[in-house]
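Note sheet for the following structure.
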Amino acid sequence: MSEPPPTRKLTIIAKDPGLRLGPGGPMAFVEVSVPAEILAKGPTGYRIKVVDYNATERRTYLDQQEYQAGDGMLVDPFAPLPGETREDPAYQKRLLADPNFHAQNTYAIAMRTLGAFERALGRRVSWSSGGHQLHIAPHAFAQANAFYSEPDRALMFGYFFRQDGQPVFTCLSHDIVAHETAHALLDGLRSRFSEPSGPDQAAFHEGFADIVALLSIFSLKPVVAAAIGEDSRFVDADRTIRLVAVGKLTADAIRNSILLGVAREVGEALETGQRGALRRSVELTPEAAHLLHGEVEEHARGEILVAAMMNAFVELWSERIAELGRFAGDSYNLDAVVEEGAKLAGHLLNMAIRALDYCPPTDLDFGQYLSALLTADRELVPEDEWGYRTVIRTMFERYGIRPQGATCDAEGCWQRYPADGRLTYARSNYQAMTRSRDELFRFLWENRETLGLSPRAYSEVISIDPASRIGPDGIALHETVCQYVQRADLFGAEFKAVLGTERPEGMRSSDRYTAYGGGVVILDQYGRVKYHIANRLEDAERQLARAQYMVDTGQIGAPAAPDRLRFAALHQQRMGA
Amino acid sequence: MPAAPETATIYAYQVGFGDCILVRFAYAGGALRHMLIDFGTTGLPEHAEKTQMLQVAQDIQGKVREGDPDRRLDVLVATHRHADHISGFATRDGVGSGDVIRALDPRFIVQPWTEAPEAPLDWEGPDASVTGQALRQRRASLQAMEDAAGTLVAFADAQAGHLPKALAEQLRFIGQDNLSNRSAIDNLRTMPGEKRYAYHGCDLGLASALPGMDVHVLGPPTLRQTDTIRKQRSSDPDEFWQLAPKRLNDALAIGDEGKLLFPNARHRLRSKPLLEHRWLQDRIDAANTEMLVGLVRALDAQMNNTSVILLLKAGSKTLLFPGDAQIENWAYALQSDMASLLDDVDLYKVGHHGSRNATPRSMWRRFTKKSDRSGPGRLTSVLSTKHGKHGSEDRKTEVPRRTLVTELDAQSNLYSTEALEPDALYQEVVLDLR
């Protein structure tokens, strides 16, 4: 028996069934790589367990597939049969009609999304629900919704019927599966981001999940090639070179046609435009974004972040394309263009995910995420040769997102923590600090005054994670990322005494209110504090802004949204209900 | 302008979970005018007799004709078509409660614009070019909720064993409230009085019926008005409304063998689950129901948001009758020029039986006459409700909402039908309008 390879290939539907390879062409099915493992029925692996129960039909579809051959070789049960291709109509029809293929599709996309996080962060990433295996229900109910439910440890995908009676499956949309998986991962990395806070924090969850979904699509090269479209081709010796006209690849052209093509999605089939977020984000102009800054609805507000990121992507991609050689003066090699896009999207996705390590754990705003993004990239690539950070900063600024003054340096990155001896390390054991939350807490507590922790609030270290990366000199660096939070439960009457400012208009003295503070401490390879990125509890201005927002949006004393539907793709509240 | 009335007497009838408010305006010289706002219930008090609604109708008749057997009801307002607001208008072979009201020959019948049989030519609401279509679409969506209501009640009954008790009751309640009340609607439609279809800012032309008073319509907004507050929103709720009833029907088709996704796929029925499916199976069922309830609530709220919101300025006082309007209906009024009218409210008929989201904070904050001390000039509030019919305390959605009632009690002279003695037919509040 041969040694099994580190990855296995599985067939998925690229994008969704609405995407066609050329006008009137076949749907796009592609083969992707996921970590190799011996799968049980479901499929069920070490991180995902698919349970194909349908609450509306009150039945579970059984998995009929074999994922391993008798000799231990890993099998893609939905690979084309001999003589078949992925473009054959009969093949495509067979897959779409098989619930087991839908199950495989969700398994593979969720594993790929998990893989992107683990690669970017250089460590295992847990689901926020705490279990090792996340459930996926590909056909959970006949409802036009899909969500990550933490209490159920599950992604549930619904389906609905179009006016013509045809079913539309949310589990076949790459965007929706990746988006919901990203919620599960982000919630695991930054559990406090789902607490009520200012307008940006809730919007961040949505915007970030969309960024992950959009950028991941660029690794599915046939999708991108189809969105660009081939203009001509020629044969050079034994290979065919597909060409695309130069005019189609300016920044404006990419934004207006290609990105839209990629962002087009199941939302259209939803017939309501409710999940048109990706598409709208791409179309969002900086002027329109200014209006959205006043928007409280998180999906809508999250679009600003997506627009800023995707416009940075477009700018950088068009710059890289301009560096490519031209054919006959007015064409590029289509596959080279797609390859550049895939590389760039992969890099930005890495950066977007790595930035999470540099975000304060509570009350995040978009400006802080921008600083985290820039810092994450600078740590990895100190010299900004390609101008990534300049372009990102310019684009974010165009959309009204700026780094925060005092805590950032001239490049918009977080300032490093000064090594001026003001912290006491004497009573802390570095080795223990990287493993024990109690030991780390001891260090924080001893330095509470210097670090600006409130001694009155309840404080807790919520995570310690290793972060490994290759330093600029090619040597592996090992750092440690620790999060702590502080909370103070108070009545409106105590607002000023605890938080240092008058309570907001509309808050009553008897209203209960929880204020949060917290920070990320990044320890370098010597156990010294390299960054301390915090939103302090005793920050009157920030606390007042947050509390005022919560009063204005009725989040004080109001019923909490049911946990299960916290990350629902479609929020009925926004439908005017 | 003719002289304003001198007193207003508000009779808030005991209809349990429902609304029935008769307002009598008395003028110098003894002239009386009467306005009836809603007449419906979905849950009479436990002690009430079956004939309670008829008794209420007869009492209304008695009051309107007091001292003058030929006196007509001046204005009848049906704020929206939920059963708890109109069921009393149903007729029964000439002897039903709706027959008694009909016999009062109302001079004007006020309903929301969504009840207009067709868009009038001089429609000032939505863009004239889309008037007919917009109205038809809106009506189709409301109609579809009524159609779905029957399915919903049947579903709640059929699934009673599978659903948590509170959820099943809630679904049944909302279903019943939305069930088409054909008899009541037909009665309202065919009453001989003049019909007025209300929308934000319109002039109802009631001067002859309510002399010396200003009647302002704060809601519901028309579709075009709604659009202006929605301009920054990124989705189109109207499309959602058109689809939602169909989606509800699809979602309610639980166990329907005729609509299988994969008719030939190998499967296990729910009743015989495999070990590895059990844990999640129950949770998916629960999630399905939770969303179903969400969808149903959203549709139900849509009907509430067609509610007419009336504000009357009579003499020195301002009276506010908001039906069941919830925040989406209120939103337009609150950002309009008419919002300042709310500052002077003296009498507040509490919206939606005391649910939290029908008394928006931004409206409540405007009331300048609320006060934690009793005395002249203090706000009066009138609440018609019944505990335990709607919402849940756990989710802080119970109706009436406890914290709201506490606040009403602390900041106004509160009259609630729940405080009535078992044999009392109404709360009576007299306002001096001079």
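Naming scheme: A, B, ... for chains in displayed order of the structure tokens; residues 1 onward per chain; ligands 1 onward as shown.
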List every residue of stretch 26-87 of chain A that has an atom at most 12 Å from any atom of stretch 107-126 of chain A, giving for each one its closest atom pair and the distance in Å to one decimal, counting only C-alpha atoms, sorted by chain and then by ascending residue number, as JSON lines.
{"residue": "A:Val30", "atom": "CA", "partner": "A:Ala108", "partner_atom": "CA", "distance": 11.3}
{"residue": "A:Glu31", "atom": "CA", "partner": "A:Ala108", "partner_atom": "CA", "distance": 9.8}
{"residue": "A:Val32", "atom": "CA", "partner": "A:Ala108", "partner_atom": "CA", "distance": 7.8}
{"residue": "A:Ser33", "atom": "CA", "partner": "A:Arg112", "partner_atom": "CA", "distance": 7.7}
{"residue": "A:Val34", "atom": "CA", "partner": "A:Arg112", "partner_atom": "CA", "distance": 6.0}
{"residue": "A:Pro35", "atom": "CA", "partner": "A:Met111", "partner_atom": "CA", "distance": 7.7}
{"residue": "A:Ala36", "atom": "CA", "partner": "A:Met111", "partner_atom": "CA", "distance": 10.6}
{"residue": "A:Glu37", "atom": "CA", "partner": "A:Met111", "partner_atom": "CA", "distance": 11.5}
{"residue": "A:Leu39", "atom": "CA", "partner": "A:Tyr107", "partner_atom": "CA", "distance": 10.7}
{"residue": "A:Lys41", "atom": "CA", "partner": "A:Tyr107", "partner_atom": "CA", "distance": 11.8}
{"residue": "A:Gly42", "atom": "CA", "partner": "A:Tyr107", "partner_atom": "CA", "distance": 9.1}
{"residue": "A:Pro43", "atom": "CA", "partner": "A:Tyr107", "partner_atom": "CA", "distance": 7.2}
{"residue": "A:Thr44", "atom": "CA", "partner": "A:Tyr107", "partner_atom": "CA", "distance": 8.4}
{"residue": "A:Gly45", "atom": "CA", "partner": "A:Tyr107", "partner_atom": "CA", "distance": 8.9}
{"residue": "A:Tyr46", "atom": "CA", "partner": "A:Met111", "partner_atom": "CA", "distance": 10.1}
{"residue": "A:Arg47", "atom": "CA", "partner": "A:Met111", "partner_atom": "CA", "distance": 7.7}
{"residue": "A:Ile48", "atom": "CA", "partner": "A:Tyr107", "partner_atom": "CA", "distance": 6.7}
{"residue": "A:Lys49", "atom": "CA", "partner": "A:Tyr107", "partner_atom": "CA", "distance": 8.0}
{"residue": "A:Val50", "atom": "CA", "partner": "A:Tyr107", "partner_atom": "CA", "distance": 7.1}
{"residue": "A:Val51", "atom": "CA", "partner": "A:Tyr107", "partner_atom": "CA", "distance": 10.7}
{"residue": "A:Asp52", "atom": "CA", "partner": "A:Tyr107", "partner_atom": "CA", "distance": 11.5}
{"residue": "A:Asp76", "atom": "CA", "partner": "A:Ala108", "partner_atom": "CA", "distance": 11.0}
Limited to C-alpha atoms, could you put the picked residues into a file as a PDB file, in the first residue's frame?
ATOM      1  CA  VAL A  30     -13.961  22.055 -10.273  1.00  0.00           C
ATOM      2  CA  GLU A  31     -11.715  19.788  -8.282  1.00  0.00           C
ATOM      3  CA  VAL A  32     -10.224  21.249  -5.130  1.00  0.00           C
ATOM      4  CA  SER A  33      -7.696  20.008  -2.574  1.00  0.00           C
ATOM      5  CA  VAL A  34      -8.585  19.468   1.045  1.00  0.00           C
ATOM      6  CA  PRO A  35      -6.513  17.892   3.832  1.00  0.00           C
ATOM      7  CA  ALA A  36      -6.290  14.134   3.368  1.00  0.00           C
ATOM      8  CA  GLU A  37      -8.103  11.974   5.893  1.00  0.00           C
ATOM      9  CA  LEU A  39     -13.617   9.943   5.909  1.00  0.00           C
ATOM     10  CA  LYS A  41     -20.084   8.366   6.289  1.00  0.00           C
ATOM     11  CA  GLY A  42     -21.567  11.803   6.171  1.00  0.00           C
ATOM     12  CA  PRO A  43     -18.934  12.685   5.080  1.00  0.00           C
ATOM     13  CA  THR A  44     -17.500  12.956   8.558  1.00  0.00           C
ATOM     14  CA  GLY A  45     -13.920  13.967   9.188  1.00  0.00           C
ATOM     15  CA  TYR A  46     -11.851  15.299  12.033  1.00  0.00           C
ATOM     16  CA  ARG A  47     -13.339  18.807  11.776  1.00  0.00           C
ATOM     17  CA  ILE A  48     -16.643  18.405   9.925  1.00  0.00           C
ATOM     18  CA  LYS A  49     -19.603  16.095  10.395  1.00  0.00           C
ATOM     19  CA  VAL A  50     -22.311  16.312   7.756  1.00  0.00           C
ATOM     20  CA  VAL A  51     -25.781  15.268   8.904  1.00  0.00           C
ATOM     21  CA  ASP A  52     -28.165  15.552   5.995  1.00  0.00           C
ATOM     22  CA  ASP A  76     -13.384  11.523  -5.116  1.00  0.00           C
TER      23      ASP A  76
END
If you count only C-alpha atoms, which residues fall within 9 Å of B:Trp364, apart from same-chain ones fewer than 5 positions away, as a PyMOL selection string?
chain B and resi 342+359+370
Among stretch 45-243 of chain B, which ones does DSSP assign to strand (DSSP E or B) (computed from the backbone)? Answer as a PyMOL selection string.
chain B and resi 75-77+108-112+194-198+213-219
Have a look at atom CA of A:Leu74 and atom CA of A:Lys343 and let me know their distance in Å, one decimal.
27.7 Å
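Of all the residues in stretch 64-131 of chain B, the ones DSSP labels as alpha helix (DSSP H) from the backbone are Val64, Ala83, Asp84, His85, Ile86, Ser97, Gly98, Asp99, Val100, Ile101, Arg102 and Thr131 of chain B.
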Output C-alpha atoms for every residue in that selection, as a compact mmCIF listing (two decimals), in the first residue's frame.
# COMPACT_ATOMS: atom_id res chain seq x y z
CA VAL B 64 -74.71 56.91 20.87
CA ALA B 83 -59.22 40.09 14.34
CA ASP B 84 -58.52 41.72 17.69
CA HIS B 85 -59.53 45.03 16.13
CA ILE B 86 -62.43 44.15 13.87
CA SER B 97 -72.59 42.65 17.30
CA GLY B 98 -71.68 43.94 13.84
CA ASP B 99 -75.38 44.28 12.98
CA VAL B 100 -75.87 46.48 16.05
CA ILE B 101 -73.02 48.78 14.99
CA ARG B 102 -74.25 48.82 11.41
CA THR B 131 -50.38 53.48 -7.92
So that I can see what lies close to B:Ile254, please list as a ChimeraX atom specification the residues with an atom at most 10 Å from it, counting only C-alpha atoms and leaving out residues fewer than 4 positions away in the same chain.
/A:54-58,141-142 /B:155,159,249-250,259
